[in-house]
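Colleague: Just passing along the structure, written as structure tokens.
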Amino acid sequence: MREAMDNNIWNHFFDMMVNQKKNFGDIRVREICEDAKIHRSTFYRHFEDKYQLLEFGLFILWNDFFELDEREKFYTPFKTADEFYQKSEAEQLIFRNQSDDRFLETVNNFFLKQMTASFKAILKEDSPNQLPTDLMARHVVGSIQSLDEWSRDQEGIRSEKLDSYYKTLVLNPLGLNCTE
């Protein structure tokens, strides 16, 4: 029952952001409740605030991505993400809210946490150096984020090219020479 209500609230919130074209930062909990036809107390029994609701929705939308092979996401992050986005509603949500700083900050923080945790095990196994694993994971994830931001200003750059830059700038200097 709880899961059904969580999903119902999320579906209304997603609809508001994507189909009703409302910016994340402009939507109030009151509006989510009105759209979902629930009382505010019901909302707060399920979520602390709209940021927690967004994180819940990110887990739903990116569940298939999180299920992908960890090494594939680590060694070819742009190709893997590109293939995922082609089959996902997640791209609609990102595209619709790309000018909303609060939305982007929440999404970025969510992914930094998820990817850092995911990449630690690979780095612990594959890295030949003695740098702290947490530091390397943060460096790798931050570099992916930087390349992604940079690529938005580059017309027509393909995910394969970004993965090539990633390998040159990040993996090779860390001694993670890969042949994939």
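Identifiers in this document derive from the order of the structure tokens: chains are assigned A, B, ..., residues are numbered from 1 separately in each chain, and ligands are numbered from 1 in order of occurrence.
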Could you find all residues in segment 51-127 of chain A that DSSP calls alpha helix (DSSP H) from the backbone, and write them as a VMD selection string?

Modeller: chain A and resid 51 to 61 63 to 66 70 to 75 77 to 85 90 to 96 101 to 126

Colleague: For the contact check between segment 17-114 of chain A and segment 164-169 of chain A, emit one row per residue of segment 17-114 of chain A within 12 Å, containing the shortest atom pair and the distance in Å rounded to one decimal, counting only C-alpha atoms, chain then rising number order, as a tab-separated table.

Modeller:
```
residue	atom	partner	partner_atom	distance
A:Phe74	CA	A:Tyr166	CA	10.2
A:Tyr75	CA	A:Lys167	CA	7.7
A:Thr76	CA	A:Tyr166	CA	8.4
A:Pro77	CA	A:Tyr166	CA	8.7
A:Phe78	CA	A:Tyr166	CA	8.9
A:Lys79	CA	A:Ser164	CA	10.3
```

Colleague: Could you list, as a list of chain:residue names, every residue within 10 Å of segment 119-123 of chain A, counting only C-alpha atoms and ignoring same-chain residues fewer than 4 positions away?

Modeller: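 Using only C-alpha atoms, the neighbours found are A:Glu70, A:Arg71, A:Lys73, A:Phe74, A:Tyr75, A:Gln114, A:Met115, A:Ser127, A:Pro128, A:Asn129, A:Leu131, A:Pro132, A:Thr133, A:Asp134, A:Leu135, A:Met136, A:Ala137, A:Arg138, A:Val140, A:Val141, A:Leu174, A:Leu176.
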
Colleague: Any chance you could export the current selection's C-alpha atoms as a PDB file, in the first residue's frame?

Modeller:
```pdb
ATOM      1  CA  GLU A  70      29.248  -1.807 -13.181  1.00  0.00           C
ATOM      2  CA  ARG A  71      32.401  -2.177 -15.274  1.00  0.00           C
ATOM      3  CA  LYS A  73      29.376   2.075 -16.583  1.00  0.00           C
ATOM      4  CA  PHE A  74      32.887   2.685 -15.254  1.00  0.00           C
ATOM      5  CA  TYR A  75      34.936   2.113 -18.418  1.00  0.00           C
ATOM      6  CA  GLN A 114      25.410   6.702  -6.472  1.00  0.00           C
ATOM      7  CA  MET A 115      28.348   6.628  -8.865  1.00  0.00           C
ATOM      8  CA  SER A 127      43.747   0.365  -9.525  1.00  0.00           C
ATOM      9  CA  PRO A 128      47.491  -0.339  -9.326  1.00  0.00           C
ATOM     10  CA  ASN A 129      48.241   2.714  -7.189  1.00  0.00           C
ATOM     11  CA  LEU A 131      45.727   6.457  -3.618  1.00  0.00           C
ATOM     12  CA  PRO A 132      42.674   6.395  -1.334  1.00  0.00           C
ATOM     13  CA  THR A 133      39.810   4.653  -3.141  1.00  0.00           C
ATOM     14  CA  ASP A 134      37.283   7.275  -2.049  1.00  0.00           C
ATOM     15  CA  LEU A 135      39.462  10.049  -3.481  1.00  0.00           C
ATOM     16  CA  MET A 136      39.870   8.252  -6.810  1.00  0.00           C
ATOM     17  CA  ALA A 137      36.130   7.558  -7.023  1.00  0.00           C
ATOM     18  CA  ARG A 138      35.312  11.213  -6.404  1.00  0.00           C
ATOM     19  CA  VAL A 140      36.490   9.854 -11.595  1.00  0.00           C
ATOM     20  CA  VAL A 141      32.885  10.900 -10.997  1.00  0.00           C
ATOM     21  CA  LEU A 174      45.207   6.537 -12.749  1.00  0.00           C
ATOM     22  CA  LEU A 176      43.615   2.049 -15.410  1.00  0.00           C
TER      23      LEU A 176
END
```

Colleague: Within 12 Å of His46 of chain A, counting only C-alpha atoms, which residues qualify if same-chain residues fewer than 2 places away don't, as a VMD selection string?

Modeller: chain A and resid 1 to 10 33 38 to 44 48 to 50 52 to 53 56

Colleague: Considering only C-alpha atoms, state which residue in the set A:Asn63, A:Asn108, A:Gln145, A:Ser118 is at the smallest distance from Glu89 of chain A.

Modeller: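 Checking each candidate against Glu89 of chain A, we get A:Asn63 as the closest.
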
Colleague: What gap, in Å, lies between atom CA of Lys21 of chain A and atom CA of Ser99 of chain A?

Modeller: 12.2 Å

Colleague: Within 12 Å of Asp26 of chain A, counting only C-alpha atoms, which residues qualify if same-chain residues fewer than 3 places away don't, as a ChimeraX atom specification?

Modeller: /A:13,16-17,21-23,29-32,50,97,100-103

Colleague: Residues as selected, all heavy atoms, written as a compact mmCIF listing (two decimals), in the first residue's frame, can you do that?

Modeller:
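Produced file part.txt, reproduced below:
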```
# COMPACT_ATOMS: atom_id res chain seq x y z
N PHE A 13 3.94 14.08 -9.66
CA PHE A 13 5.05 15.03 -9.67
C PHE A 13 5.77 15.00 -11.02
O PHE A 13 6.06 16.05 -11.61
CB PHE A 13 6.00 14.69 -8.52
CG PHE A 13 7.04 15.72 -8.19
CD1 PHE A 13 6.78 17.07 -8.23
CD2 PHE A 13 8.31 15.31 -7.79
CE1 PHE A 13 7.75 18.01 -7.90
CE2 PHE A 13 9.29 16.24 -7.46
CZ PHE A 13 9.01 17.60 -7.52
N MET A 16 3.72 16.71 -13.62
CA MET A 16 3.77 18.17 -13.48
C MET A 16 5.04 18.72 -14.12
O MET A 16 5.00 19.74 -14.80
CB MET A 16 3.72 18.56 -11.99
CG MET A 16 2.38 18.27 -11.34
SD MET A 16 2.43 18.57 -9.56
CE MET A 16 2.28 20.36 -9.55
N MET A 17 6.16 18.04 -13.91
CA MET A 17 7.43 18.54 -14.44
C MET A 17 7.58 18.32 -15.94
O MET A 17 8.15 19.15 -16.64
CB MET A 17 8.60 17.88 -13.70
CG MET A 17 8.77 18.36 -12.29
SD MET A 17 10.24 17.68 -11.48
CE MET A 17 9.73 15.97 -11.20
N LYS A 21 4.84 20.87 -17.85
CA LYS A 21 5.96 21.78 -18.09
C LYS A 21 6.19 22.79 -16.97
O LYS A 21 6.47 23.96 -17.21
CB LYS A 21 5.79 22.49 -19.43
CG LYS A 21 5.83 21.53 -20.61
CD LYS A 21 5.67 22.27 -21.91
CE LYS A 21 5.95 21.45 -23.10
NZ LYS A 21 5.20 20.33 -23.42
N LYS A 22 6.09 22.32 -15.74
CA LYS A 22 6.38 23.17 -14.59
C LYS A 22 7.81 22.89 -14.13
O LYS A 22 8.25 21.75 -14.10
CB LYS A 22 5.41 22.89 -13.44
CG LYS A 22 3.98 23.27 -13.77
CD LYS A 22 3.06 23.04 -12.59
CE LYS A 22 1.65 23.47 -12.94
NZ LYS A 22 0.74 23.27 -11.81
N ASN A 23 8.53 23.94 -13.79
CA ASN A 23 9.89 23.77 -13.29
C ASN A 23 9.87 23.20 -11.88
O ASN A 23 9.05 23.60 -11.05
CB ASN A 23 10.63 25.11 -13.27
CG ASN A 23 11.02 25.56 -14.64
OD1 ASN A 23 11.27 24.75 -15.53
ND2 ASN A 23 11.06 26.86 -14.83
N VAL A 29 4.80 21.72 -2.54
CA VAL A 29 4.19 20.48 -2.04
C VAL A 29 2.67 20.59 -2.13
O VAL A 29 1.99 19.63 -2.51
CB VAL A 29 4.66 20.17 -0.60
CG1 VAL A 29 3.84 19.04 0.01
CG2 VAL A 29 6.15 19.82 -0.59
N ARG A 30 2.13 21.74 -1.83
CA ARG A 30 0.68 21.95 -1.90
C ARG A 30 0.17 21.60 -3.30
O ARG A 30 -0.87 20.94 -3.46
CB ARG A 30 0.35 23.40 -1.55
CG ARG A 30 -1.14 23.76 -1.68
CD ARG A 30 -1.41 25.24 -1.47
NE ARG A 30 -0.55 26.15 -2.19
CZ ARG A 30 -0.66 26.43 -3.50
NH1 ARG A 30 -1.58 25.87 -4.23
NH2 ARG A 30 0.18 27.29 -4.07
N GLU A 31 0.90 22.01 -4.35
CA GLU A 31 0.48 21.74 -5.72
C GLU A 31 0.56 20.25 -6.05
O GLU A 31 -0.30 19.73 -6.77
CB GLU A 31 1.35 22.53 -6.69
CG GLU A 31 1.19 24.04 -6.60
CD GLU A 31 2.21 24.75 -7.44
OE1 GLU A 31 3.38 24.82 -7.01
OE2 GLU A 31 1.85 25.22 -8.54
N ILE A 32 1.59 19.60 -5.55
CA ILE A 32 1.72 18.16 -5.76
C ILE A 32 0.52 17.45 -5.14
O ILE A 32 -0.10 16.57 -5.75
CB ILE A 32 3.04 17.61 -5.16
CG1 ILE A 32 4.25 18.26 -5.82
CG2 ILE A 32 3.10 16.08 -5.29
CD1 ILE A 32 5.57 18.03 -5.09
N LYS A 50 9.89 17.74 -1.27
CA LYS A 50 9.89 17.42 -2.70
C LYS A 50 11.26 16.92 -3.17
O LYS A 50 11.35 16.22 -4.18
CB LYS A 50 9.41 18.60 -3.53
CG LYS A 50 10.36 19.77 -3.60
CD LYS A 50 9.80 20.86 -4.48
CE LYS A 50 10.79 22.00 -4.64
NZ LYS A 50 10.26 23.04 -5.54
N ASN A 97 13.90 20.09 -17.38
CA ASN A 97 14.34 20.85 -16.22
C ASN A 97 15.79 21.30 -16.29
O ASN A 97 16.38 21.65 -15.27
CB ASN A 97 14.11 20.02 -14.95
CG ASN A 97 12.65 19.93 -14.60
OD1 ASN A 97 12.10 20.83 -13.98
ND2 ASN A 97 12.00 18.85 -15.02
N ASP A 100 16.76 24.55 -14.60
CA ASP A 100 16.37 24.71 -13.19
C ASP A 100 17.55 24.32 -12.30
O ASP A 100 17.85 23.14 -12.13
CB ASP A 100 15.15 23.84 -12.90
CG ASP A 100 14.54 24.08 -11.53
OD1 ASP A 100 15.32 24.26 -10.56
OD2 ASP A 100 13.31 24.08 -11.43
N ASP A 101 18.23 25.29 -11.75
CA ASP A 101 19.44 25.04 -10.96
C ASP A 101 19.21 24.14 -9.76
O ASP A 101 20.03 23.28 -9.45
CB ASP A 101 20.08 26.36 -10.50
CG ASP A 101 20.67 27.15 -11.66
OD1 ASP A 101 20.98 26.54 -12.69
OD2 ASP A 101 20.83 28.37 -11.51
N ARG A 102 18.09 24.31 -9.06
CA ARG A 102 17.81 23.47 -7.89
C ARG A 102 17.60 22.01 -8.29
O ARG A 102 18.04 21.10 -7.61
CB ARG A 102 16.61 24.00 -7.10
CG ARG A 102 16.95 25.29 -6.34
CD ARG A 102 15.79 25.76 -5.53
NE ARG A 102 14.91 26.49 -6.44
CZ ARG A 102 13.79 27.08 -6.09
NH1 ARG A 102 13.39 27.03 -4.84
NH2 ARG A 102 13.06 27.74 -6.96
N PHE A 103 16.93 21.82 -9.42
CA PHE A 103 16.73 20.47 -9.94
C PHE A 103 18.08 19.84 -10.30
O PHE A 103 18.38 18.72 -9.88
CB PHE A 103 15.82 20.52 -11.18
CG PHE A 103 15.71 19.20 -11.89
CD1 PHE A 103 14.81 18.24 -11.47
CD2 PHE A 103 16.52 18.93 -12.99
CE1 PHE A 103 14.72 17.02 -12.13
CE2 PHE A 103 16.43 17.72 -13.65
CZ PHE A 103 15.53 16.76 -13.22
```

Colleague: Rounded to one decimal, what separation in Å do you get between atom CA of Glu34 of chain A and atom CA of His12 of chain A?

Modeller: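 Going from atom CA of Glu34 of chain A over to atom CA of His12 of chain A covers 9.6 Å.
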
Colleague: Given only C-alpha atoms as the basis, pick out the residue of A:Glu55, A:Asp153, A:Glu83, A:Glu72 nearest to Thr106 of chain A.

Modeller: A:Glu55

Colleague: Measure the distance from atom CA of Thr116 of chain A to atom CA of Phe66 of chain A in Å and round it to one decimal.

Modeller: 12.6 Å
